[in-house]
$ cat coords36.pdb   # PDB, N, CA and C atoms
ATOM      1  N   MET A 909    -130.103  -9.257 -44.722
ATOM      2  CA  MET A 909    -130.556  -9.950 -43.540
ATOM      3  C   MET A 909    -129.414 -10.007 -42.524
ATOM      4  N   SER A 910    -129.660  -9.680 -41.285
ATOM      5  CA  SER A 910    -128.614  -9.667 -40.267
ATOM      6  C   SER A 910    -128.566 -11.008 -39.547
ATOM      7  N   ALA A 911    -127.390 -11.287 -38.972
ATOM      8  CA  ALA A 911    -127.200 -12.534 -38.221
ATOM      9  C   ALA A 911    -127.925 -12.437 -36.888
ATOM     10  N   PRO A 912    -128.464 -13.554 -36.381
ATOM     11  CA  PRO A 912    -129.153 -13.511 -35.089
ATOM     12  C   PRO A 912    -128.168 -13.201 -33.961
ATOM     13  N   LYS A 913    -128.673 -12.551 -32.928
ATOM     14  CA  LYS A 913    -127.812 -12.190 -31.799
ATOM     15  C   LYS A 913    -127.359 -13.412 -31.025
ATOM     16  N   ASN A 914    -128.214 -14.393 -30.872
ATOM     17  CA  ASN A 914    -127.889 -15.618 -30.158
ATOM     18  C   ASN A 914    -128.061 -16.809 -31.104
ATOM     19  N   PRO A 915    -127.000 -17.182 -31.837
ATOM     20  CA  PRO A 915    -127.140 -18.315 -32.742
ATOM     21  C   PRO A 915    -127.340 -19.612 -31.951
ATOM     22  N   PRO A 916    -128.045 -20.595 -32.505
ATOM     23  CA  PRO A 916    -128.291 -21.846 -31.777
ATOM     24  C   PRO A 916    -127.002 -22.650 -31.629
ATOM     25  N   HIS A 917    -126.916 -23.394 -30.533
ATOM     26  CA  HIS A 917    -125.750 -24.246 -30.300
ATOM     27  C   HIS A 917    -125.882 -25.570 -31.033
ATOM     28  N   LEU A 918    -127.091 -26.028 -31.211
ATOM     29  CA  LEU A 918    -127.354 -27.277 -31.923
ATOM     30  C   LEU A 918    -128.238 -26.982 -33.122
ATOM     31  N   VAL A 919    -127.933 -27.620 -34.220
ATOM     32  CA  VAL A 919    -128.731 -27.451 -35.426
ATOM     33  C   VAL A 919    -129.061 -28.833 -35.968
ATOM     34  N   VAL A 920    -130.336 -29.097 -36.222
ATOM     35  CA  VAL A 920    -130.764 -30.363 -36.807
ATOM     36  C   VAL A 920    -130.641 -30.226 -38.317
ATOM     37  N   VAL A 921    -129.816 -31.094 -38.922
ATOM     38  CA  VAL A 921    -129.608 -30.998 -40.355
ATOM     39  C   VAL A 921    -130.448 -31.999 -41.140
ATOM     40  N   ARG A 922    -130.953 -33.029 -40.459
ATOM     41  CA  ARG A 922    -131.767 -34.010 -41.151
ATOM     42  C   ARG A 922    -132.757 -34.619 -40.166
ATOM     43  N   GLY A 923    -133.965 -34.841 -40.601
ATOM     44  CA  GLY A 923    -134.983 -35.457 -39.751
ATOM     45  C   GLY A 923    -135.726 -34.428 -38.919
ATOM     46  N   GLU A 924    -136.655 -34.931 -38.133
ATOM     47  CA  GLU A 924    -137.447 -34.079 -37.256
ATOM     48  C   GLU A 924    -137.474 -34.694 -35.861
ATOM     49  N   PRO A 925    -136.481 -34.367 -35.029
ATOM     50  CA  PRO A 925    -136.456 -34.941 -33.685
ATOM     51  C   PRO A 925    -137.566 -34.355 -32.817
ATOM     52  N   THR A 926    -138.017 -35.167 -31.869
ATOM     53  CA  THR A 926    -139.019 -34.683 -30.921
ATOM     54  C   THR A 926    -138.332 -33.814 -29.870
ATOM     55  N   ALA A 927    -139.106 -33.141 -29.091
ATOM     56  CA  ALA A 927    -138.559 -32.299 -28.024
ATOM     57  C   ALA A 927    -137.804 -33.146 -27.003
ATOM     58  N   GLU A 928    -138.293 -34.378 -26.744
ATOM     59  CA  GLU A 928    -137.627 -35.261 -25.796
ATOM     60  C   GLU A 928    -136.256 -35.690 -26.326
ATOM     61  N   GLU A 929    -136.150 -35.968 -27.617
ATOM     62  CA  GLU A 929    -134.874 -36.379 -28.193
ATOM     63  C   GLU A 929    -133.853 -35.243 -28.136
ATOM     64  N   VAL A 930    -134.283 -34.047 -28.385
ATOM     65  CA  VAL A 930    -133.383 -32.898 -28.295
ATOM     66  C   VAL A 930    -132.956 -32.680 -26.842
ATOM     67  N   ALA A 931    -133.892 -32.881 -25.901
ATOM     68  CA  ALA A 931    -133.558 -32.725 -24.477
ATOM     69  C   ALA A 931    -132.538 -33.769 -24.041
ATOM     70  N   VAL A 932    -132.688 -35.007 -24.499
ATOM     71  CA  VAL A 932    -131.736 -36.066 -24.145
ATOM     72  C   VAL A 932    -130.361 -35.748 -24.723
ATOM     73  N   LEU A 933    -130.315 -35.328 -25.973
ATOM     74  CA  LEU A 933    -129.043 -34.974 -26.598
ATOM     75  C   LEU A 933    -128.355 -33.839 -25.842
ATOM     76  N   THR A 934    -129.119 -32.838 -25.464
ATOM     77  CA  THR A 934    -128.563 -31.709 -24.717
ATOM     78  C   THR A 934    -128.027 -32.163 -23.365
ATOM     79  N   ALA A 935    -128.762 -33.029 -22.681
ATOM     80  CA  ALA A 935    -128.319 -33.516 -21.373
ATOM     81  C   ALA A 935    -127.036 -34.341 -21.488
ATOM     82  N   VAL A 936    -126.949 -35.185 -22.499
ATOM     83  CA  VAL A 936    -125.751 -36.012 -22.681
ATOM     84  C   VAL A 936    -124.547 -35.144 -23.001
ATOM     85  N   LEU A 937    -124.699 -34.180 -23.881
ATOM     86  CA  LEU A 937    -123.583 -33.305 -24.221
ATOM     87  C   LEU A 937    -123.141 -32.461 -23.031
ATOM     88  N   ALA A 938    -124.083 -31.998 -22.232
ATOM     89  CA  ALA A 938    -123.739 -31.219 -21.043
ATOM     90  C   ALA A 938    -123.010 -32.086 -20.015
ATOM     91  N   ALA A 939    -123.448 -33.326 -19.842
ATOM     92  CA  ALA A 939    -122.790 -34.223 -18.889
ATOM     93  C   ALA A 939    -121.367 -34.541 -19.324
ATOM     94  N   ARG A 940    -121.173 -34.774 -20.610
ATOM     95  CA  ARG A 940    -119.821 -35.060 -21.109
ATOM     96  C   ARG A 940    -118.914 -33.850 -20.957
ATOM     97  N   ALA A 941    -119.430 -32.668 -21.212
ATOM     98  CA  ALA A 941    -118.623 -31.455 -21.057
ATOM     99  C   ALA A 941    -118.237 -31.251 -19.605
ATOM    100  N   ASN A 942    -119.169 -31.474 -18.678
ATOM    101  CA  ASN A 942    -118.861 -31.330 -17.253
ATOM    102  C   ASN A 942    -117.840 -32.366 -16.807
ATOM    103  N   ALA A 943    -117.938 -33.602 -17.289
ATOM    104  CA  ALA A 943    -116.985 -34.646 -16.919
ATOM    105  C   ALA A 943    -115.593 -34.328 -17.444
ATOM    106  N   ALA A 944    -115.514 -33.836 -18.658
ATOM    107  CA  ALA A 944    -114.211 -33.479 -19.225
ATOM    108  C   ALA A 944    -113.599 -32.305 -18.473
ATOM    109  N   ARG A 945    -114.419 -31.342 -18.105
ATOM    110  CA  ARG A 945    -113.927 -30.178 -17.361
ATOM    111  C   ARG A 945    -113.447 -30.600 -15.980
ATOM    112  N   ALA A 946    -114.180 -31.500 -15.317
ATOM    113  CA  ALA A 946    -113.785 -31.961 -13.981
ATOM    114  C   ALA A 946    -112.491 -32.765 -14.048
ATOM    115  N   ALA A 947    -112.320 -33.556 -15.098
ATOM    116  CA  ALA A 947    -111.107 -34.362 -15.229
ATOM    117  C   ALA A 947    -109.886 -33.497 -15.492
ATOM    118  N   SER A 948    -110.044 -32.437 -16.263
ATOM    119  CA  SER A 948    -108.896 -31.589 -16.565
ATOM    120  C   SER A 948    -108.557 -30.662 -15.400
ATOM    121  N   ASP A 949    -109.528 -30.347 -14.546
ATOM    122  CA  ASP A 949    -109.285 -29.459 -13.407
ATOM    123  C   ASP A 949    -108.820 -30.211 -12.166
ATOM    124  N   ALA A 950    -108.898 -31.538 -12.190
ATOM    125  CA  ALA A 950    -108.557 -32.326 -11.008
ATOM    126  C   ALA A 950    -107.072 -32.195 -10.693
ATOM    127  N   PRO A 951    -106.736 -32.048  -9.406
ATOM    128  CA  PRO A 951    -105.316 -32.002  -9.054
ATOM    129  C   PRO A 951    -104.688 -33.362  -9.327
ATOM    130  N   GLY A 952    -103.509 -33.344  -9.865
ATOM    131  CA  GLY A 952    -102.827 -34.587 -10.180
ATOM    132  C   GLY A 952    -103.334 -35.233 -11.451
ATOM    133  N   ALA A 953    -104.006 -34.454 -12.284
ATOM    134  CA  ALA A 953    -104.477 -35.015 -13.551
ATOM    135  C   ALA A 953    -103.275 -35.463 -14.354
ATOM    136  N   ASP A 954    -103.434 -36.563 -15.046
ATOM    137  CA  ASP A 954    -102.317 -37.113 -15.815
ATOM    138  C   ASP A 954    -101.968 -36.170 -16.951
ATOM    139  N   ARG A 955    -100.865 -35.520 -16.776
ATOM    140  CA  ARG A 955    -100.350 -34.641 -17.816
ATOM    141  C   ARG A 955     -98.948 -35.104 -18.167
ATOM    142  N   ARG A 956     -98.634 -35.052 -19.418
ATOM    143  CA  ARG A 956     -97.321 -35.476 -19.857
ATOM    144  C   ARG A 956     -96.292 -34.425 -19.436
ATOM    145  N   PRO A 957     -95.187 -34.860 -18.823
ATOM    146  CA  PRO A 957     -94.182 -33.881 -18.416
ATOM    147  C   PRO A 957     -93.512 -33.270 -19.641
ATOM    148  N   SER A 958     -93.039 -32.061 -19.481
ATOM    149  CA  SER A 958     -92.376 -31.401 -20.598
ATOM    150  C   SER A 958     -91.051 -32.094 -20.879
ATOM    151  N   GLY A 959     -90.527 -31.879 -22.039
ATOM    152  CA  GLY A 959     -89.253 -32.484 -22.416
ATOM    153  C   GLY A 959     -88.103 -32.014 -21.549
ATOM    154  N   TRP A 960     -88.224 -30.803 -21.006
ATOM    155  CA  TRP A 960     -87.156 -30.273 -20.170
ATOM    156  C   TRP A 960     -87.089 -30.975 -18.817
ATOM    157  N   SER A 961     -88.235 -31.394 -18.290
ATOM    158  CA  SER A 961     -88.227 -32.024 -16.974
ATOM    159  C   SER A 961     -88.213 -33.548 -17.046
ATOM    160  N   ASP A 962     -88.280 -34.121 -18.237
ATOM    161  CA  ASP A 962     -88.278 -35.576 -18.392
ATOM    162  C   ASP A 962     -86.846 -36.090 -18.268
ATOM    163  N   ARG A 963     -86.566 -36.823 -17.213
ATOM    164  CA  ARG A 963     -85.203 -37.294 -16.964
ATOM    165  C   ARG A 963     -84.877 -38.592 -17.689
ATOM    166  N   SER A 964     -85.866 -39.209 -18.298
ATOM    167  CA  SER A 964     -85.595 -40.470 -18.980
ATOM    168  C   SER A 964     -84.709 -40.268 -20.200
ATOM    169  N   ARG A 965     -84.642 -39.065 -20.735
ATOM    170  CA  ARG A 965     -83.783 -38.839 -21.899
ATOM    171  C   ARG A 965     -82.310 -38.872 -21.522
ATOM    172  N   ASN A 966     -81.983 -38.785 -20.222
ATOM    173  CA  ASN A 966     -80.595 -38.864 -19.777
ATOM    174  C   ASN A 966     -80.124 -40.306 -19.617
ATOM    175  N   LEU A 967     -81.023 -41.251 -19.681
ATOM    176  CA  LEU A 967     -80.648 -42.651 -19.509
ATOM    177  C   LEU A 967     -80.025 -43.182 -20.783
ATOM    178  N   ARG A 968     -79.063 -44.046 -20.602
ATOM    179  CA  ARG A 968     -78.367 -44.635 -21.727
ATOM    180  C   ARG A 968     -79.158 -45.823 -22.243
ATOM    181  N   ALA A 969     -79.048 -46.103 -23.517
ATOM    182  CA  ALA A 969     -79.694 -47.276 -24.096
ATOM    183  C   ALA A 969     -79.003 -48.523 -23.564
ATOM    184  N   PRO A 970     -79.712 -49.639 -23.445
ATOM    185  CA  PRO A 970     -79.088 -50.858 -22.924
ATOM    186  C   PRO A 970     -77.984 -51.366 -23.864
ATOM    187  N   LEU A 971     -76.986 -52.000 -23.257
ATOM    188  CA  LEU A 971     -75.897 -52.566 -24.045
ATOM    189  C   LEU A 971     -76.382 -53.807 -24.771
ATOM    190  N   ARG A 972     -75.930 -53.957 -25.992
ATOM    191  CA  ARG A 972     -76.316 -55.128 -26.788
ATOM    192  C   ARG A 972     -75.049 -55.838 -27.236
ATOM    193  N   PRO A 973     -74.642 -56.856 -26.502
ATOM    194  CA  PRO A 973     -73.432 -57.572 -26.913
ATOM    195  C   PRO A 973     -73.682 -58.353 -28.205
ATOM    196  N   GLY A 974     -72.634 -58.501 -28.961
ATOM    197  CA  GLY A 974     -72.742 -59.269 -30.196
ATOM    198  C   GLY A 974     -71.769 -58.735 -31.235
ATOM    199  N   PRO A 975     -71.826 -59.330 -32.413
ATOM    200  CA  PRO A 975     -70.906 -58.895 -33.472
ATOM    201  C   PRO A 975     -71.152 -57.423 -33.826
ATOM    202  N   GLY A 976     -70.097 -56.665 -33.871
ATOM    203  CA  GLY A 976     -70.177 -55.254 -34.222
ATOM    204  C   GLY A 976     -70.651 -54.360 -33.097
ATOM    205  N   ALA A 977     -70.780 -54.879 -31.880
ATOM    206  CA  ALA A 977     -71.277 -54.087 -30.759
ATOM    207  C   ALA A 977     -70.287 -52.996 -30.363
ATOM    208  N   TRP A 978     -69.023 -53.173 -30.663
ATOM    209  CA  TRP A 978     -68.033 -52.166 -30.298
ATOM    210  C   TRP A 978     -68.311 -50.846 -31.024
ATOM    211  N   ARG A 979     -68.917 -50.920 -32.195
ATOM    212  CA  ARG A 979     -69.217 -49.697 -32.940
ATOM    213  C   ARG A 979     -70.269 -48.855 -32.211
ATOM    214  N   LEU A 980     -71.195 -49.529 -31.535
ATOM    215  CA  LEU A 980     -72.240 -48.812 -30.816
ATOM    216  C   LEU A 980     -71.717 -48.134 -29.552
ATOM    217  N   SER A 981     -70.533 -48.562 -29.063
ATOM    218  CA  SER A 981     -70.003 -47.983 -27.828
ATOM    219  C   SER A 981     -69.544 -46.554 -28.027
ATOM    220  N   THR A 982     -69.392 -46.124 -29.261
ATOM    221  CA  THR A 982     -68.937 -44.756 -29.498
ATOM    222  C   THR A 982     -70.068 -43.779 -29.600
ATOM    223  N   ARG A 983     -71.275 -44.247 -29.537
ATOM    224  CA  ARG A 983     -72.428 -43.344 -29.661
ATOM    225  C   ARG A 983     -72.849 -42.810 -28.332
TER     226      ARG A 983
END

$ encode --input "coords36.pdb" --output "structure tokens"
Amino acid sequence: MSAPKNPPHLVVVRGEPTAEEVAVLTAVLAARANAARAASDAPGADRRPSGWSDRSRNLRAPLRPGPGAWRLSTR
């Protein structure tokens, strides 16, 4: 037996949904996919900067005065 040329995108594994229920599921999944695509394509989308361009790693840790603090000054 050969595989179908166009396999289904959704498969019902349990129960017998009505045509309306399948249509609602398809519409919700399509809307979520479009929203995710629009959010990732938006200019200025929140993306984490790479480690090479992140300047916060050049900042020194705050000083902590107290007993034994002189040992931390050598780090």

$ select_by_dssp --input "coords36.pdb" --residues "region 915-971 of chain A" --states "helix (DSSP H, G or I)" --output "PyMOL selection string"
chain A and resi 927-949+963-966

$ atom_distance --input "coords36.pdb" --atom1 "CA of Asn942 (chain A)" --atom2 "atom N of Val930 (chain A)"
19.2 Å

$ atom_distance --input "coords36.pdb" --atom1 "atom C of Ala941 (chain A)" --atom2 "atom N of Pro915 (chain A)"
20.6 Å

$ atom_distance --input "coords36.pdb" --atom1 "atom N of Ala931 (chain A)" --atom2 "atom N of Ser948 (chain A)"
25.7 Å
